[in-house]
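Okay, structure first, notes after.
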Amino acid sequence: MITKYEIDFLSVKDADAILIHFVDDVYGERIIAIDAGRYSDGDIVSSFVEKYYKRNYIDIAVCTHCDDDHYGGFVKIIEEQIKYPVTGFKINSLWVNDPGAFVEASDVKYYRSNANVKIEARSVYTLYDGKNLLELAKQAKVPMRDVFSFGGAPWSVYNGAVEILGPTLSYYKTLVPNLRHALEPYKSDEDISDDTSMEYGNCISPKLDAVGDDTSTHNQSSAIIMFSPGDGNKFIFMGDAGRDAFNNMLGSDRNKMQNALVLKVPHHGSKYNMDSTMINFINPTIAVVSAESTEKYFSPLVKNALKRKGVFVYSTMNSGHLWYNHGFEERVGYTSADIM
């Protein structure tokens, strides 16, 4: 049973870095990171854990998808782990989807070698200077595992407190050939949409609904994570997933998102990643947006639609680091965050 927990949404501009810290009477004290911002943000994440949690490790690092504003910080942390294997900050386990494991030369045009197509697929985790997250994790001997929901028996740890709700493996496989422009997929007529019948509610914002979906396969491939500490509260972290990702979740997983206490709004509040259907269905009490400004991603359409639904909206843009606390001592210098 989880006796106390805290969730920190770190202020890393238009990037994501989220920490879950909890104490369980069976598993003890645990720290989970969901993304770690860009490369330079890796130091922010590790310093924060050392300062506030008094630990020099992360038990599970979850990389939601292959954009450097989500995985870059993990590259920096693992680099330090390689440099200082005994005394340095550590990641004990990395949850990340390896696109090279789910694509063959027959899936894409212009490639005859499976080895070459896998190298190209894995390059989505390579930073501008050539550092690759997957290669570094192997070098550091950090255990890695996939981040999929398999329906009926989704991946979960700590007695189900941390659970993967999406994507399914079958949906992810359809996205892999498009994760780099160098891979051009053959067309498929297969219908992969989930046909589960649900009541979604009414339109909150016609303008938002008319915008259309995010065209980035990187974003749609995002892992969707739920933290449920056992007190009836649910915390949903969607990475940069969009409407197609939401629609291609298994109905049994998607239903678990309903009436969430806290929703980490996908893609920094972009108008291309949420609509009335999603807001009505998830029906969160609180929405958190990691953003730098409304001039880049965070759309007033999203903010206003959430507020119209009665959701309390908070953003790192306004308040800096955001902290949800249940059971831990108050922190010096922390005050109530401003609602948008």
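Here's how to read the names in the structure tokens: chain A, B, ... by the order shown, residue numbers from 1 in each chain, ligand numbers from 1 in the order shown.
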**Request:** Please provide the set of residues having any atom within 12 Å of Phe237 (chain A), restricted to only C-alpha atoms, with same-chain residues fewer than 3 positions apart removed, written as a ChimeraX atom specification.
**Result:** /A:7,9,16-20,33-35,62-64,162-166,222-228,234,240-241,257,260-268,282,284,287-290
Keeping only N, CA and C atoms, write those residues as a short mmCIF file (atom, residue, chain, number, x, y, z; two decimals), in the first residue's frame.
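Saved the output as result28.cif:
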data_model
loop_
_atom_site.label_atom_id
_atom_site.label_comp_id
_atom_site.auth_asym_id
_atom_site.auth_seq_id
_atom_site.Cartn_x
_atom_site.Cartn_y
_atom_site.Cartn_z
N ILE A 7 4.19 14.29 -6.72
CA ILE A 7 4.45 14.35 -8.16
C ILE A 7 4.95 15.75 -8.48
N PHE A 9 6.11 18.33 -11.52
CA PHE A 9 6.15 18.70 -12.93
C PHE A 9 7.22 19.79 -13.03
N ASP A 16 9.13 18.15 -21.43
CA ASP A 16 8.48 17.42 -20.35
C ASP A 16 9.52 16.78 -19.44
N ALA A 17 9.34 16.94 -18.14
CA ALA A 17 10.15 16.22 -17.15
C ALA A 17 9.29 16.11 -15.90
N ILE A 18 8.85 14.89 -15.60
CA ILE A 18 7.91 14.65 -14.51
C ILE A 18 8.49 13.59 -13.59
N LEU A 19 8.37 13.81 -12.30
CA LEU A 19 8.88 12.87 -11.30
C LEU A 19 7.76 12.41 -10.38
N ILE A 20 7.69 11.12 -10.14
CA ILE A 20 6.76 10.53 -9.18
C ILE A 20 7.60 9.89 -8.08
N ALA A 33 10.68 8.60 -13.24
CA ALA A 33 10.73 9.79 -14.10
C ALA A 33 9.98 9.50 -15.38
N ILE A 34 9.08 10.38 -15.74
CA ILE A 34 8.40 10.29 -17.03
C ILE A 34 8.94 11.43 -17.89
N ASP A 35 9.88 11.08 -18.76
CA ASP A 35 10.63 12.02 -19.59
C ASP A 35 11.57 12.87 -18.74
N VAL A 62 10.92 6.48 -17.71
CA VAL A 62 10.00 6.20 -18.82
C VAL A 62 10.21 7.25 -19.90
N CYS A 63 10.62 6.82 -21.06
CA CYS A 63 10.74 7.71 -22.22
C CYS A 63 9.47 7.55 -23.05
N THR A 64 8.63 8.57 -23.07
CA THR A 64 7.34 8.41 -23.74
C THR A 64 7.46 8.27 -25.24
N VAL A 162 1.61 1.79 -11.19
CA VAL A 162 2.09 2.41 -12.43
C VAL A 162 1.73 1.48 -13.58
N GLU A 163 0.96 1.99 -14.52
CA GLU A 163 0.42 1.14 -15.58
C GLU A 163 0.53 1.83 -16.93
N ILE A 164 0.85 1.05 -17.94
CA ILE A 164 0.91 1.55 -19.32
C ILE A 164 -0.44 1.33 -19.99
N LEU A 165 -1.07 2.40 -20.44
CA LEU A 165 -2.38 2.32 -21.09
C LEU A 165 -2.28 2.37 -22.61
N GLY A 166 -1.17 2.78 -23.15
CA GLY A 166 -0.99 2.87 -24.59
C GLY A 166 0.44 3.24 -24.91
N SER A 222 3.50 8.17 -28.55
CA SER A 222 3.78 8.38 -27.13
C SER A 222 3.17 7.32 -26.23
N ALA A 223 3.95 6.94 -25.23
CA ALA A 223 3.42 6.08 -24.18
C ALA A 223 2.45 6.88 -23.32
N ILE A 224 1.36 6.25 -22.92
CA ILE A 224 0.36 6.86 -22.04
C ILE A 224 0.42 6.10 -20.72
N ILE A 225 0.73 6.82 -19.65
CA ILE A 225 1.00 6.21 -18.35
C ILE A 225 -0.04 6.65 -17.33
N MET A 226 -0.43 5.74 -16.44
CA MET A 226 -1.32 6.07 -15.34
C MET A 226 -0.66 5.72 -14.02
N PHE A 227 -0.71 6.66 -13.09
CA PHE A 227 -0.30 6.40 -11.71
C PHE A 227 -1.54 6.41 -10.85
N SER A 228 -1.80 5.29 -10.18
CA SER A 228 -2.98 5.19 -9.30
C SER A 228 -2.51 4.66 -7.95
N LYS A 234 -6.36 9.19 -9.74
CA LYS A 234 -5.67 8.74 -10.94
C LYS A 234 -4.95 9.92 -11.58
N ASP A 240 3.07 13.28 -25.75
CA ASP A 240 2.57 14.18 -26.80
C ASP A 240 1.51 13.49 -27.65
N ALA A 241 0.85 12.49 -27.10
CA ALA A 241 -0.16 11.74 -27.86
C ALA A 241 -1.27 12.66 -28.36
N MET A 257 -8.92 5.88 -17.91
CA MET A 257 -8.55 7.30 -17.86
C MET A 257 -9.68 8.18 -17.32
N ALA A 260 -10.10 11.29 -14.17
CA ALA A 260 -8.76 11.43 -13.60
C ALA A 260 -8.71 12.65 -12.68
N LEU A 261 -7.94 12.53 -11.62
CA LEU A 261 -7.72 13.70 -10.78
C LEU A 261 -6.84 14.70 -11.50
N VAL A 262 -5.73 14.21 -12.09
CA VAL A 262 -4.78 15.09 -12.78
C VAL A 262 -4.49 14.54 -14.17
N LEU A 263 -4.56 15.39 -15.16
CA LEU A 263 -4.17 15.06 -16.53
C LEU A 263 -2.99 15.94 -16.92
N LYS A 264 -1.88 15.31 -17.33
CA LYS A 264 -0.80 16.06 -17.95
C LYS A 264 -1.20 16.24 -19.40
N VAL A 265 -1.57 17.45 -19.77
CA VAL A 265 -2.09 17.74 -21.10
C VAL A 265 -1.02 17.44 -22.16
N PRO A 266 -1.39 16.71 -23.22
CA PRO A 266 -0.37 16.32 -24.20
C PRO A 266 0.18 17.49 -25.00
N HIS A 267 1.43 17.33 -25.41
CA HIS A 267 2.14 18.23 -26.33
C HIS A 267 2.07 19.69 -25.92
N HIS A 268 2.30 19.93 -24.63
CA HIS A 268 2.45 21.29 -24.13
C HIS A 268 1.23 22.16 -24.40
N ILE A 282 -12.06 11.97 -20.53
CA ILE A 282 -11.12 11.88 -19.40
C ILE A 282 -11.67 12.61 -18.19
N PRO A 284 -10.97 15.38 -16.39
CA PRO A 284 -10.05 15.58 -15.27
C PRO A 284 -10.52 16.68 -14.34
N ALA A 287 -5.74 19.97 -14.73
CA ALA A 287 -4.92 19.80 -15.93
C ALA A 287 -3.62 20.55 -15.74
N VAL A 288 -2.52 19.90 -16.08
CA VAL A 288 -1.20 20.51 -15.98
C VAL A 288 -0.59 20.60 -17.37
N VAL A 289 -0.10 21.78 -17.71
CA VAL A 289 0.51 22.01 -19.02
C VAL A 289 1.96 22.41 -18.82
N SER A 290 2.88 21.64 -19.41
CA SER A 290 4.29 22.03 -19.39
C SER A 290 4.54 22.84 -20.65
#
**Item:** Option closest in space to Asn325 (chain A), from A:Ala305, A:Ile44, A:Ser205, A:Lys4 [counting only C-alpha atoms]
**Value:** A:Lys4
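Residue nearest Val12 (chain A), chosen from A:Ala291, A:Val96, A:Cys203, A:Ala101 and counting only C-alpha atoms: A:Ala291.
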**Request:** Would you list, as an NGL selection string, the residues of region 189-313 of chain A that end up in alpha helix (DSSP H) under DSSP run on this structure's backbone?
**Result:** :A and (206-209 or 217-220 or 243-247 or 251-255 or 276-282 or 300-308)
